[in-house]
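Participant: File start13.txt below, compact mmCIF, C-alpha atoms and all ligand atoms:
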```
# COMPACT_ATOMS: atom_id res chain seq x y z
CA MET A 33 116.98 169.74 107.83
CA ASP A 34 119.40 168.51 110.46
CA ILE A 35 120.99 165.13 109.76
CA PRO A 36 123.12 164.00 112.70
CA VAL A 37 126.37 162.38 111.57
CA ARG A 38 128.20 160.11 113.97
CA GLN A 39 131.88 160.41 114.77
CA ILE A 40 133.89 157.57 113.29
CA THR A 41 135.86 155.29 115.60
CA ALA A 42 139.61 154.93 115.99
CA ASP A 43 139.31 151.37 114.62
CA GLU A 44 137.59 152.67 111.49
CA VAL A 45 140.38 155.22 110.99
CA THR A 46 143.04 152.54 111.39
CA PHE A 47 141.23 150.20 108.99
CA PHE A 48 140.92 152.97 106.39
CA GLN A 49 144.56 153.95 106.59
CA HIS A 50 145.64 150.33 106.18
CA HIS A 51 143.17 149.23 103.50
CA GLY A 52 142.35 152.47 101.68
CA TRP A 53 138.65 152.01 102.34
CA ALA A 54 136.35 151.40 105.30
CA ARG A 55 132.78 150.54 106.04
CA LEU A 56 130.96 153.11 108.23
CA ASP A 57 127.78 151.53 109.54
CA ALA A 58 124.94 153.91 110.47
CA LEU A 59 126.92 157.03 109.60
CA VAL A 60 123.50 158.69 109.55
CA ALA A 61 120.23 157.35 110.94
CA PRO A 62 118.14 155.20 108.55
CA GLU A 63 115.18 157.62 108.87
CA ALA A 64 117.40 160.51 107.78
CA ALA A 65 118.66 158.47 104.84
CA ALA A 66 115.08 157.67 103.83
CA GLY A 67 114.26 161.39 103.78
CA LEU A 68 117.26 162.02 101.57
CA ALA A 69 116.32 159.12 99.27
CA GLY A 70 112.98 160.78 98.48
CA ARG A 71 114.74 164.00 97.49
CA ALA A 72 117.36 162.06 95.53
CA ALA A 73 114.77 160.17 93.50
CA THR A 74 113.16 163.47 92.44
CA TYR A 75 116.47 165.00 91.34
CA LEU A 76 117.62 161.86 89.56
CA ALA A 77 114.33 161.51 87.67
CA ALA A 78 114.84 165.04 86.33
CA ARG A 79 118.48 164.55 85.37
CA ASP A 80 119.75 164.93 81.84
CA LYS A 81 120.04 161.37 80.51
CA ALA A 82 121.57 162.35 77.18
CA GLY A 83 125.14 161.34 78.13
CA ALA A 84 126.64 158.27 76.49
CA THR A 85 130.05 158.10 78.14
CA LEU A 86 131.45 154.95 79.73
CA VAL A 87 130.61 156.49 83.11
CA ASP A 88 126.99 157.10 82.04
CA GLN A 89 126.73 153.39 81.21
CA ALA A 90 127.75 152.53 84.79
CA PHE A 91 125.54 154.91 86.78
CA GLY A 92 123.47 158.08 86.46
CA GLN A 93 124.44 161.26 88.29
CA SER A 94 123.14 164.57 89.60
CA ARG A 95 126.38 166.39 90.25
CA ASP A 96 126.87 169.30 92.69
CA ILE A 97 123.64 168.36 94.43
CA ALA A 98 124.68 170.17 97.63
CA ASP A 99 124.79 173.48 95.74
CA GLY A 100 121.04 173.56 95.28
CA ASP A 101 119.56 171.37 97.99
CA PRO A 102 119.68 172.51 101.65
CA ALA A 103 119.53 168.98 103.10
CA PHE A 104 122.46 167.69 101.06
CA ALA A 105 124.30 170.97 101.71
CA ALA A 106 123.83 170.60 105.47
CA LEU A 107 125.11 167.04 105.38
CA THR A 108 128.11 167.96 103.23
CA LEU A 109 129.09 170.88 105.47
CA ASP A 110 128.29 169.16 108.77
CA PRO A 111 131.30 169.69 111.06
CA ALA A 112 131.23 165.97 111.94
CA MET A 113 131.76 165.10 108.26
CA GLY A 114 134.75 167.45 108.18
CA ARG A 115 136.22 166.04 111.40
CA ASN A 116 135.81 162.48 110.12
CA ALA A 117 137.51 163.31 106.81
CA VAL A 118 140.41 165.04 108.57
CA ARG A 119 140.95 162.04 110.84
CA LEU A 120 140.87 159.61 107.91
CA LEU A 121 143.28 161.66 105.80
CA HIS A 122 146.27 161.34 108.06
CA GLY A 123 148.28 164.56 108.55
CA VAL A 124 145.70 166.87 107.02
CA ARG A 125 144.72 170.06 108.91
CA ALA A 126 141.43 170.76 107.17
CA VAL A 127 139.50 169.63 104.11
CA ARG A 128 137.62 171.24 101.25
CA VAL A 129 134.63 169.82 99.42
CA GLN A 130 135.62 168.75 95.91
CA VAL A 131 132.23 167.57 94.63
CA THR A 132 128.88 166.22 95.78
CA ASN A 133 126.83 163.83 93.73
CA LEU A 134 123.75 161.65 93.64
CA LEU A 135 124.24 158.30 91.95
CA VAL A 136 121.69 155.87 90.61
CA LYS A 137 122.40 152.40 89.26
CA ALA A 138 119.34 150.77 87.74
CA ALA A 139 119.01 147.27 86.34
CA GLY A 140 118.51 147.36 82.60
CA GLU A 141 119.90 150.90 82.32
CA HIS A 142 123.36 150.61 83.89
CA GLY A 143 126.02 147.93 83.98
CA ALA A 144 128.95 147.37 86.30
CA THR A 145 131.23 150.21 87.40
CA GLU A 146 134.64 149.21 86.10
CA PHE A 147 137.56 149.24 88.51
CA HIS A 148 139.24 152.64 88.58
CA GLN A 149 141.00 155.23 90.70
CA ASP A 150 139.40 158.66 91.20
CA PHE A 151 142.57 160.74 91.45
CA PRO A 152 144.12 160.51 87.95
CA TRP A 153 141.73 163.23 86.72
CA MET A 154 142.30 165.70 89.52
CA PRO A 155 144.04 169.09 89.29
CA MET A 156 145.40 168.92 92.86
CA ASP A 157 149.11 168.75 93.65
CA ARG A 158 148.60 166.08 96.36
CA SER A 159 146.44 163.00 96.63
CA ALA A 160 144.97 163.29 100.14
CA MET A 161 141.37 162.94 99.03
CA LEU A 162 138.50 160.61 99.89
CA THR A 163 134.90 159.93 98.95
CA VAL A 164 132.11 159.08 101.36
CA TRP A 165 129.53 156.89 99.57
CA LEU A 166 126.29 156.95 101.57
CA ALA A 167 123.57 154.39 100.86
CA LEU A 168 120.22 156.20 100.73
CA VAL A 169 118.29 152.94 100.39
CA ASP A 170 119.23 149.44 101.50
CA VAL A 171 122.01 148.35 99.14
CA PRO A 172 122.68 144.63 99.45
CA ALA A 173 125.75 143.45 97.57
CA GLU A 174 123.65 142.27 94.65
CA MET A 175 122.48 145.85 94.08
CA GLY A 176 126.04 146.94 93.45
CA SER A 177 127.70 148.17 96.63
CA LEU A 178 131.33 149.16 96.01
CA ARG A 179 134.25 146.71 96.04
CA PHE A 180 137.81 147.83 96.76
CA TYR A 181 141.31 146.47 96.19
CA SER A 182 142.73 146.72 99.69
CA GLY A 183 146.06 148.52 99.87
CA SER A 184 145.91 149.73 96.26
CA HIS A 185 146.09 153.31 97.58
CA ARG A 186 149.76 152.64 98.35
CA HIS A 187 150.62 152.00 94.68
CA GLY A 188 150.47 155.60 93.47
CA LEU A 189 148.78 156.84 90.32
CA LEU A 190 147.78 153.90 88.12
CA GLY A 191 146.32 155.89 85.25
CA ARG A 192 142.94 156.94 83.94
CA SER A 193 139.99 154.67 83.26
CA PHE A 194 136.72 155.42 81.42
CA THR A 195 138.63 156.96 78.51
CA ARG A 196 138.27 154.00 76.13
CA PRO A 197 136.89 150.45 76.26
CA GLY A 198 139.17 148.06 78.11
CA ASP A 199 141.00 150.63 80.24
CA ASP A 200 139.74 149.45 83.60
CA GLN A 201 142.47 149.06 86.20
CA LEU A 202 142.45 145.25 86.22
CA THR A 203 143.09 145.13 82.48
CA GLN A 204 145.82 147.77 82.72
CA HIS A 205 147.37 146.26 85.86
CA PRO A 206 146.54 142.54 86.20
CA TRP A 207 148.83 142.34 89.28
CA LEU A 208 146.10 144.17 91.24
CA LYS A 209 144.38 140.77 91.55
CA GLU A 210 147.18 139.79 93.96
CA LEU A 211 145.70 142.31 96.41
CA GLU A 212 142.78 141.41 98.63
CA LEU A 213 139.39 142.33 97.19
CA SER A 214 136.95 143.66 99.78
CA PRO A 215 134.03 141.34 100.53
CA PRO A 216 130.60 141.95 98.99
CA LEU A 217 129.01 144.47 101.35
CA ASP A 218 125.35 144.46 102.37
CA LEU A 219 124.60 148.07 103.30
CA ARG A 220 121.51 149.42 105.01
CA ALA A 221 120.17 152.89 104.29
CA GLY A 222 122.38 155.28 106.28
CA ASP A 223 125.46 153.01 106.10
CA ALA A 224 128.41 154.35 104.14
CA THR A 225 131.69 153.28 102.69
CA VAL A 226 134.64 155.62 102.37
CA HIS A 227 137.54 155.22 99.95
CA HIS A 228 140.79 157.04 99.27
CA ALA A 229 141.08 158.67 95.82
CA LEU A 230 143.98 156.32 94.98
CA THR A 231 142.09 153.16 96.00
CA VAL A 232 141.05 151.02 93.05
CA HIS A 233 137.30 150.46 93.30
CA GLY A 234 134.32 149.40 91.23
CA ALA A 235 130.88 147.88 91.58
CA PRO A 236 128.90 145.06 89.99
CA ALA A 237 125.67 145.77 88.14
CA ASN A 238 122.44 146.10 90.11
CA ARG A 239 120.65 142.75 89.92
CA ARG A 240 117.48 143.88 91.70
CA ARG A 241 114.49 145.72 90.30
CA SER A 242 114.75 148.73 92.60
CA PRO A 243 117.36 151.39 91.84
CA ARG A 244 120.54 151.71 93.88
CA LEU A 245 120.51 155.28 95.25
CA SER A 246 123.51 156.86 96.94
CA PHE A 247 124.94 160.25 97.83
CA THR A 248 128.65 160.89 97.55
CA VAL A 249 130.82 163.69 98.82
CA THR A 250 134.51 164.01 98.08
CA TYR A 251 136.82 165.94 100.42
CA PHE A 252 140.46 166.86 99.79
CA ASP A 253 143.34 168.39 101.68
CA ALA A 254 142.58 172.10 102.13
CA ASP A 255 146.28 172.85 101.64
CA ALA A 256 146.36 171.23 98.17
CA LEU A 257 147.48 173.58 95.41
CA TYR A 258 145.82 173.94 92.01
CA THR A 259 148.02 172.49 89.24
CA GLY A 260 146.13 173.96 86.28
CA LEU A 261 145.44 170.49 84.82
CA PRO A 262 142.44 170.87 82.47
CA TYR A 263 139.35 169.58 84.26
CA ARG A 264 135.75 170.50 83.48
CA GLN A 265 134.88 171.35 87.08
CA THR A 266 137.75 173.78 87.62
CA ASP A 267 138.31 175.23 84.14
CA GLY A 268 137.20 178.85 83.98
CA LEU A 269 136.87 179.39 87.72
CA GLY A 270 139.83 181.74 87.82
CA LEU A 271 141.87 179.52 90.13
CA GLU A 272 145.56 180.41 90.26
CA VAL A 273 148.15 177.74 89.56
CA ASN A 274 150.19 176.89 92.67
CA ARG A 275 147.63 178.51 94.97
CA PRO A 276 145.10 176.74 97.24
CA PHE A 277 141.52 176.21 96.10
CA GLU A 278 140.27 179.37 97.82
CA HIS A 279 136.96 179.63 96.02
CA GLU A 280 133.32 179.33 97.08
CA ARG A 281 133.05 176.13 95.00
CA PHE A 282 135.40 174.42 97.47
CA PRO A 283 134.13 175.24 100.97
CA CYS A 284 136.61 174.51 103.74
CA LEU A 285 135.79 172.41 106.82
CA ARG A 286 138.14 172.81 109.77
CA PRO A 287 137.96 170.42 112.71
O1 LIG A 301 128.76 154.06 92.66
C1 LIG A 301 129.49 153.58 91.80
O2 LIG A 301 129.18 152.58 91.15
C2 LIG A 301 130.84 154.19 91.57
C3 LIG A 301 131.09 155.38 92.43
C4 LIG A 301 132.52 155.81 92.43
O3 LIG A 301 133.33 155.33 91.69
C5 LIG A 301 132.93 156.84 93.37
O4 LIG A 301 132.09 157.37 94.11
O5 LIG A 301 134.14 157.16 93.39
```
Kindly present the structure from the file in structure tokens form.
Ligand SMILES: O=C(O)CCC(=O)C(=O)O
Facilitator:
Amino acid sequence: MDIPVRQITADEVTFFQHHGWARLDALVAPEAAAGLAGRAATYLAARDKAGATLVDQAFGQSRDIADGDPAFAALTLDPAMGRNAVRLLHGVRAVRVQVTNLLVKAAGEHGATEFHQDFPWMPMDRSAMLTVWLALVDVPAEMGSLRFYSGSHRHGLLGRSFTRPGDDQLTQHPWLKELELSPPLDLRAGDATVHHALTVHGAPANRRRSPRLSFTVTYFDADALYTGLPYRQTDGLGLEVNRPFEHERFPCLRP
């Protein structure tokens, strides 16, 4: 299943580097997104709902979806996705896939996604990492499209969230409210947002009856070295500390 991905513009790259996030309208065609939404709904319906973590209360997940599904694999490994990620992550020669995921946020089942950074959990020795969040259905702001604190990616590691109640970034660092909060975004199916792994982001609860469905893929600097930090995804893979992530779990995309 071929899903054409457009090349991002120079203005989008500049906006991302300045703000730590960007909106990428029509990254894929709406018809392609609709095809992916059908597959996503099937996977998400079959997911294990037993989890009761703070993350599980914010959204449901089907992690590593590109490992088993050819359409999501093709999208994840599309050379255009790799080129876009390399351009956004200034100074990076190539990227590897860190993780792919399907997310669902359903009214009545999930609440808001608290404001957090993605990087504090990661066993990489550098923070050049980003996540593309692709709307698979129309996601008006009231369904919980992401919000970002612009420029927060320039404030370094701000600590982990989702470890205990009340550890969202705004509670830990009230000064973040001095930064500009991105506007509520009305996304159409096929539109995406992209955020740096140090950018503080979150999402309100879904206030509509239909579920918010999205696909995410996270890319990181292919030259990053493994630090050995305990992390469920990398534990037991046999990665060597201070060596790159040369492993089939982290396919490399070169522009
Ligand atoms: O979709 C959400 O509500 C949160 C997703 C997120 O935090 C991420 O993709 O990094």
Participant: Counting only C-alpha atoms and all ligand atoms, which residues of chain A fall within 7 Å of ligand LIG 301 (chain A), and what is the closest atom pair for each with its distance in Å at one decimal, ordered by chain and rising number, as JSON lines?
Facilitator:
```
{"residue": "A:Ala90", "atom": "CA", "partner": "A:LIG301", "partner_atom": "O2", "distance": 6.5}
{"residue": "A:Phe91", "atom": "CA", "partner": "A:LIG301", "partner_atom": "O2", "distance": 6.1}
{"residue": "A:Leu135", "atom": "CA", "partner": "A:LIG301", "partner_atom": "O1", "distance": 6.2}
{"residue": "A:Thr145", "atom": "CA", "partner": "A:LIG301", "partner_atom": "O2", "distance": 4.9}
{"residue": "A:Asp150", "atom": "CA", "partner": "A:LIG301", "partner_atom": "O5", "distance": 5.9}
{"residue": "A:Thr163", "atom": "CA", "partner": "A:LIG301", "partner_atom": "O4", "distance": 6.2}
{"residue": "A:Trp165", "atom": "CA", "partner": "A:LIG301", "partner_atom": "O4", "distance": 6.0}
{"residue": "A:Gly176", "atom": "CA", "partner": "A:LIG301", "partner_atom": "O2", "distance": 6.9}
{"residue": "A:Leu178", "atom": "CA", "partner": "A:LIG301", "partner_atom": "O2", "distance": 6.3}
{"residue": "A:His233", "atom": "CA", "partner": "A:LIG301", "partner_atom": "O3", "distance": 6.5}
{"residue": "A:Gly234", "atom": "CA", "partner": "A:LIG301", "partner_atom": "C2", "distance": 5.9}
{"residue": "A:Ala235", "atom": "CA", "partner": "A:LIG301", "partner_atom": "O2", "distance": 5.0}
{"residue": "A:Thr248", "atom": "CA", "partner": "A:LIG301", "partner_atom": "O4", "distance": 6.0}
```
Participant: Could those selected residues go to a file with C-alpha atoms, as a short mmCIF file (atom, residue, chain, number, x, y, z; two decimals), in the coordinates of the input?
Facilitator:
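And here's out.cif as it stands now:
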```cif
data_model
loop_
_atom_site.label_atom_id
_atom_site.label_comp_id
_atom_site.auth_asym_id
_atom_site.auth_seq_id
_atom_site.Cartn_x
_atom_site.Cartn_y
_atom_site.Cartn_z
CA ALA A 90 127.75 152.53 84.79
CA PHE A 91 125.54 154.91 86.78
CA LEU A 135 124.24 158.30 91.95
CA THR A 145 131.23 150.21 87.40
CA ASP A 150 139.40 158.66 91.20
CA THR A 163 134.90 159.93 98.95
CA TRP A 165 129.53 156.89 99.57
CA GLY A 176 126.04 146.94 93.45
CA LEU A 178 131.33 149.16 96.01
CA HIS A 233 137.30 150.46 93.30
CA GLY A 234 134.32 149.40 91.23
CA ALA A 235 130.88 147.88 91.58
CA THR A 248 128.65 160.89 97.55
#
```
Participant: Go through A:Pro215, A:Pro152, A:Pro197, A:Pro262 one by one, measure the shortest atom-to-atom distance of each to Thr85 of chain A using only C-alpha atoms, and give the residue with the smallest value.
Facilitator: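 Smallest separation from Thr85 of chain A among the options: A:Pro197.
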Participant: Rank A:Leu261, A:Cys284, A:Val127, A:Leu86 by their smallest atom-to-atom distance to Ala144 of chain A, using only C-alpha atoms, and report the top residue only.
Facilitator: A:Leu86
Participant: For a quick check of your reading of the model, name the residues lying within 10 Å of the coordinate (143.4, 157.6, 84.3), counting all atoms listed in the file, and write them as a JSON list (two decimals) with C-alpha atoms, keeping the file's coordinate frame.
Facilitator:
```json
[["chain", "number", "residue", "atom", "x", "y", "z"],
["A", 148, "HIS", "CA", 139.24, 152.64, 88.58],
["A", 149, "GLN", "CA", 141.00, 155.23, 90.70],
["A", 150, "ASP", "CA", 139.40, 158.66, 91.20],
["A", 151, "PHE", "CA", 142.57, 160.74, 91.45],
["A", 152, "PRO", "CA", 144.12, 160.51, 87.95],
["A", 153, "TRP", "CA", 141.73, 163.23, 86.72],
["A", 154, "MET", "CA", 142.30, 165.70, 89.52],
["A", 189, "LEU", "CA", 148.78, 156.84, 90.32],
["A", 190, "LEU", "CA", 147.78, 153.90, 88.12],
["A", 191, "GLY", "CA", 146.32, 155.89, 85.25],
["A", 192, "ARG", "CA", 142.94, 156.94, 83.94],
["A", 193, "SER", "CA", 139.99, 154.67, 83.26],
["A", 194, "PHE", "CA", 136.72, 155.42, 81.42],
["A", 195, "THR", "CA", 138.63, 156.96, 78.51],
["A", 199, "ASP", "CA", 141.00, 150.63, 80.24],
["A", 200, "ASP", "CA", 139.74, 149.45, 83.60],
["A", 201, "GLN", "CA", 142.47, 149.06, 86.20]]
```
Participant: Considering only C-alpha atoms, can you say which of A:Asp253, A:Thr46, A:Ala61, A:Asn133 comes closest to Arg95 of chain A?
Facilitator: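 Counting only C-alpha atoms, the residue closest to Arg95 of chain A is A:Asn133.
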Participant: Between atom CA of Phe180 of chain A and atom CA of Ser214 of chain A, measure the distance and give it in Å to one decimal.
Facilitator: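 If I compute the distance from atom CA of Phe180 of chain A to atom CA of Ser214 of chain A, I get 5.2 Å.
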Participant: Show me, as a PyMOL selection string, the residues that have an atom within 9 Å of Val171 of chain A when counting all atoms listed in the file, minus same-chain residues fewer than 3 positions from it.
Facilitator: chain A and resi 167-168+174-177+217-221+244-246
Participant: Kindly indicate which residue among A:Gly83, A:Gly67, A:Trp53, A:Glu272 lies nearest to Glu212 of chain A, using all atoms listed in the file for the distances.
Facilitator: A:Trp53
Participant: Measuring between all atoms listed in the file, which one of A:Gly268, A:Gly143, A:Pro102, A:Pro243 shows the shortest distance to Asp88 of chain A?
Facilitator: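 So, comparing all the options, the nearest one is A:Gly143.
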Participant: So the first atom is atom CA of Val136 of chain A and the second is atom CA of Val60 of chain A; what is the distance between them in Å, to one decimal place?
Facilitator: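 It comes out at 19.2 Å.
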Participant: Please return, as a ChimeraX atom specification, all polymer residues that have at least one atom within 7 Å of the point (127.9, 151.3, 103.8); use all atoms listed in the file and the file's own coordinate frame.
Facilitator: /A:55-57,166-167,219-220,223-225
Participant: Measuring between all atoms listed in the file, which one of A:Gly188, A:Gly198, A:Pro111, A:Gly140 shows the shortest distance to Pro36 of chain A?
Facilitator: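 Of all the options, A:Pro111 lies closest to Pro36 of chain A.
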